[in-house]
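Quick notes on the structure that follows.
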Amino acid sequence: MPKLWNDTIEEHRRGVREAILDTTWELVNELGPTGVKMSEIAERTGIGRATLYKYFPDIEAILAAWHYRQVTRQVVYLTEIRDTTTDPMGRLSAVLGAYGHHQRHRAQHHRHQPHGSELAILLHRSDGQVEAAQQQLHALFADLLVDAVREGGIRTDVSVGELATYCLHALTAADATADDQALERLVAVILRGLQPVV
């Protein structure tokens with residue numbers, strides 16, 4: 001097949017896949033994750049059920065793919081934030097702040113979402129795709145910490161992997177009601193915890 005034909009088919013497949021993910025998310029927000037049926041997703045997306053099953057075997061797989069897409073987009077955004085400065089500690093601080101803002105926004109969204117706990121259970125039961133997305137995020141933080149360690153700004157008595165986990169978990173404390181100043185204080189506390197032991 002000519003390259004143009006292959007590219008067009010791939011673009012169409014990506015478009016259908018994206019539409020399935022977006023439609024499923026809309027339905028989950030309306031009906032809850034256990035209230036959505038594959039037939040509803042197909043109908044609202046404008047495709048046949050057989051086509052839908054060519055892309056995903058079930059709703060859990062769709063939600064895992066949606067979550068993976070969200071985390072991947074977040075990693076891209078945080079990478080862009082990272083690349084705005086060359087100072088390792090400045091980069092780390094900027095990414096911590098951006099991730100904290102994301103966590104706060106997520107907490108606000110979940111607070112107003114009536115089916116948040118059902119969705120969390122489904123996502124945690126899903127395949128390794130969600131875990132792979134989380135590993136991308138962890139790797140981004142670990143790389144930032146490695147650069148900061150080289151500059152002497154980060155403690156070395158704890159592994160970079162453990163420190164990356166610390167950063168990610170500490171930022172989940174970004175409460176839905178927190179304002180920008182509270183978030184800045186949280187980032188400052190995290191950065192103090194990363195400082196070398198004297």
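Residue numbers start at 1 in each chain; chains themselves are named A, B, ... in the order of the structure tokens; ligands are numbered from 1 in the order shown.
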Could you make a table, as CSV, of the residues of range 18-88 of chain A that have an atom within 12 Å of an atom of range 147-161 of chain A, each with its nearest atom pair and distance in Å to one decimal, counting only C-alpha atoms, in chain and number order?
```
residue,atom,partner,partner_atom,distance
A:Arg82,CA,A:Asp147,CA,11.6
A:Thr86,CA,A:Asp147,CA,10.1
A:Asp87,CA,A:Ala148,CA,8.5
A:Pro88,CA,A:Ala148,CA,4.9
```
Residues near range 186-196 of chain A, cut-off 10 Å, only C-alpha atoms, skip fewer than 2 positions along chain, as an mmCIF file with N, CA and C atoms, in the first residue's frame:
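Dumped everything to selection04.cif:
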```
data_model
loop_
_atom_site.group_PDB
_atom_site.id
_atom_site.type_symbol
_atom_site.label_atom_id
_atom_site.label_comp_id
_atom_site.auth_asym_id
_atom_site.auth_seq_id
_atom_site.Cartn_x
_atom_site.Cartn_y
_atom_site.Cartn_z
ATOM 1 N N MET A 89 17.851 22.941 40.222
ATOM 2 C CA MET A 89 16.911 23.144 41.331
ATOM 3 C C MET A 89 15.702 23.963 40.874
ATOM 4 N N LEU A 92 13.463 21.540 39.023
ATOM 5 C CA LEU A 92 12.755 20.671 39.963
ATOM 6 C C LEU A 92 11.616 21.433 40.632
ATOM 7 N N SER A 93 11.889 22.645 41.081
ATOM 8 C CA SER A 93 10.882 23.454 41.748
ATOM 9 C C SER A 93 9.707 23.752 40.807
ATOM 10 N N ALA A 94 10.018 24.099 39.563
ATOM 11 C CA ALA A 94 8.965 24.418 38.587
ATOM 12 C C ALA A 94 8.079 23.203 38.312
ATOM 13 N N VAL A 95 8.696 22.037 38.166
ATOM 14 C CA VAL A 95 7.920 20.822 37.888
ATOM 15 C C VAL A 95 7.109 20.415 39.113
ATOM 16 N N LEU A 96 7.677 20.540 40.297
ATOM 17 C CA LEU A 96 6.915 20.251 41.512
ATOM 18 C C LEU A 96 5.677 21.145 41.593
ATOM 19 N N GLY A 97 5.858 22.436 41.317
ATOM 20 C CA GLY A 97 4.735 23.368 41.356
ATOM 21 C C GLY A 97 3.669 23.026 40.323
ATOM 22 N N ALA A 98 4.106 22.713 39.101
ATOM 23 C CA ALA A 98 3.149 22.383 38.034
ATOM 24 C C ALA A 98 2.393 21.099 38.361
ATOM 25 N N TYR A 99 3.102 20.108 38.895
ATOM 26 C CA TYR A 99 2.445 18.856 39.251
ATOM 27 C C TYR A 99 1.483 19.075 40.427
ATOM 28 N N GLY A 100 1.879 19.915 41.370
ATOM 29 C CA GLY A 100 0.997 20.244 42.488
ATOM 30 C C GLY A 100 -0.282 20.916 42.014
ATOM 31 N N LEU A 145 15.782 14.815 39.719
ATOM 32 C CA LEU A 145 16.535 14.672 40.967
ATOM 33 C C LEU A 145 17.990 14.308 40.720
ATOM 34 N N ALA A 148 19.763 17.442 39.940
ATOM 35 C CA ALA A 148 19.916 18.269 41.134
ATOM 36 C C ALA A 148 20.955 17.692 42.088
ATOM 37 N N VAL A 149 21.068 16.355 42.141
ATOM 38 C CA VAL A 149 22.096 15.715 42.972
ATOM 39 C C VAL A 149 23.482 16.112 42.465
ATOM 40 N N GLY A 152 24.595 19.221 43.802
ATOM 41 C CA GLY A 152 24.759 19.252 45.243
ATOM 42 C C GLY A 152 23.548 19.764 46.005
ATOM 43 N N GLY A 153 22.414 19.934 45.320
ATOM 44 C CA GLY A 153 21.240 20.498 45.982
ATOM 45 C C GLY A 153 20.316 19.475 46.617
ATOM 46 N N ILE A 154 20.593 18.178 46.394
ATOM 47 C CA ILE A 154 19.697 17.127 46.879
ATOM 48 C C ILE A 154 20.487 16.139 47.732
ATOM 49 N N ARG A 155 19.844 15.653 48.757
ATOM 50 C CA ARG A 155 20.465 14.687 49.662
ATOM 51 C C ARG A 155 20.841 13.406 48.904
ATOM 52 N N THR A 156 21.872 12.740 49.389
ATOM 53 C CA THR A 156 22.336 11.511 48.739
ATOM 54 C C THR A 156 22.223 10.291 49.644
ATOM 55 N N ASP A 157 21.665 10.482 50.843
ATOM 56 C CA ASP A 157 21.531 9.355 51.767
ATOM 57 C C ASP A 157 20.277 8.527 51.474
ATOM 58 N N VAL A 158 19.466 8.975 50.525
ATOM 59 C CA VAL A 158 18.268 8.264 50.099
ATOM 60 C C VAL A 158 18.350 8.149 48.582
ATOM 61 N N LEU A 163 13.283 9.178 46.482
ATOM 62 C CA LEU A 163 12.971 10.604 46.548
ATOM 63 C C LEU A 163 11.910 10.990 45.520
ATOM 64 N N ALA A 164 11.966 10.381 44.337
ATOM 65 C CA ALA A 164 10.948 10.649 43.319
ATOM 66 C C ALA A 164 9.575 10.199 43.825
ATOM 67 N N TYR A 166 8.702 9.967 46.949
ATOM 68 C CA TYR A 166 8.364 10.936 47.998
ATOM 69 C C TYR A 166 7.715 12.174 47.396
ATOM 70 N N CYS A 167 8.322 12.723 46.336
ATOM 71 C CA CYS A 167 7.784 13.930 45.694
ATOM 72 C C CYS A 167 6.373 13.691 45.179
ATOM 73 N N LEU A 168 6.195 12.602 44.462
ATOM 74 C CA LEU A 168 4.880 12.313 43.874
ATOM 75 C C LEU A 168 3.814 12.121 44.945
ATOM 76 N N ALA A 170 3.957 13.153 48.141
ATOM 77 C CA ALA A 170 3.779 14.363 48.941
ATOM 78 C C ALA A 170 2.869 15.350 48.224
ATOM 79 N N LEU A 171 2.951 15.397 46.904
ATOM 80 C CA LEU A 171 2.125 16.339 46.156
ATOM 81 C C LEU A 171 0.665 15.909 46.068
ATOM 82 N N ALA A 173 -0.947 15.607 48.513
ATOM 83 C CA ALA A 173 -1.517 16.383 49.622
ATOM 84 C C ALA A 173 -2.085 17.715 49.137
ATOM 85 N N ALA A 174 -1.925 18.021 47.842
ATOM 86 C CA ALA A 174 -2.486 19.262 47.292
ATOM 87 C C ALA A 174 -4.005 19.149 47.341
ATOM 88 N N ALA A 178 -6.985 24.124 48.419
ATOM 89 C CA ALA A 178 -5.738 24.859 48.597
ATOM 90 C C ALA A 178 -5.640 26.001 47.591
ATOM 91 N N ASP A 180 -3.043 29.158 45.833
ATOM 92 C CA ASP A 180 -1.683 29.153 45.285
ATOM 93 C C ASP A 180 -0.621 29.259 46.378
ATOM 94 N N GLN A 181 -0.892 30.048 47.413
ATOM 95 C CA GLN A 181 0.088 30.207 48.496
ATOM 96 C C GLN A 181 0.269 28.897 49.262
ATOM 97 N N ALA A 182 -0.824 28.184 49.502
ATOM 98 C CA ALA A 182 -0.730 26.899 50.201
ATOM 99 C C ALA A 182 0.071 25.900 49.371
ATOM 100 N N LEU A 183 -0.135 25.927 48.060
ATOM 101 C CA LEU A 183 0.601 25.038 47.175
ATOM 102 C C LEU A 183 2.087 25.389 47.169
ATOM 103 N N GLU A 184 2.403 26.668 47.149
ATOM 104 C CA GLU A 184 3.804 27.100 47.210
ATOM 105 C C GLU A 184 4.455 26.647 48.514
ATOM 106 N N VAL A 198 22.877 17.921 56.847
ATOM 107 C CA VAL A 198 24.132 18.540 57.306
ATOM 108 C C VAL A 198 24.475 18.115 58.711
#
```
Exercise for the section: Enter the distance from CA of His12 in chain A to CA of Arg73 in chain A, in Å, rounded to one decimal. Expected result: 20.4 Å
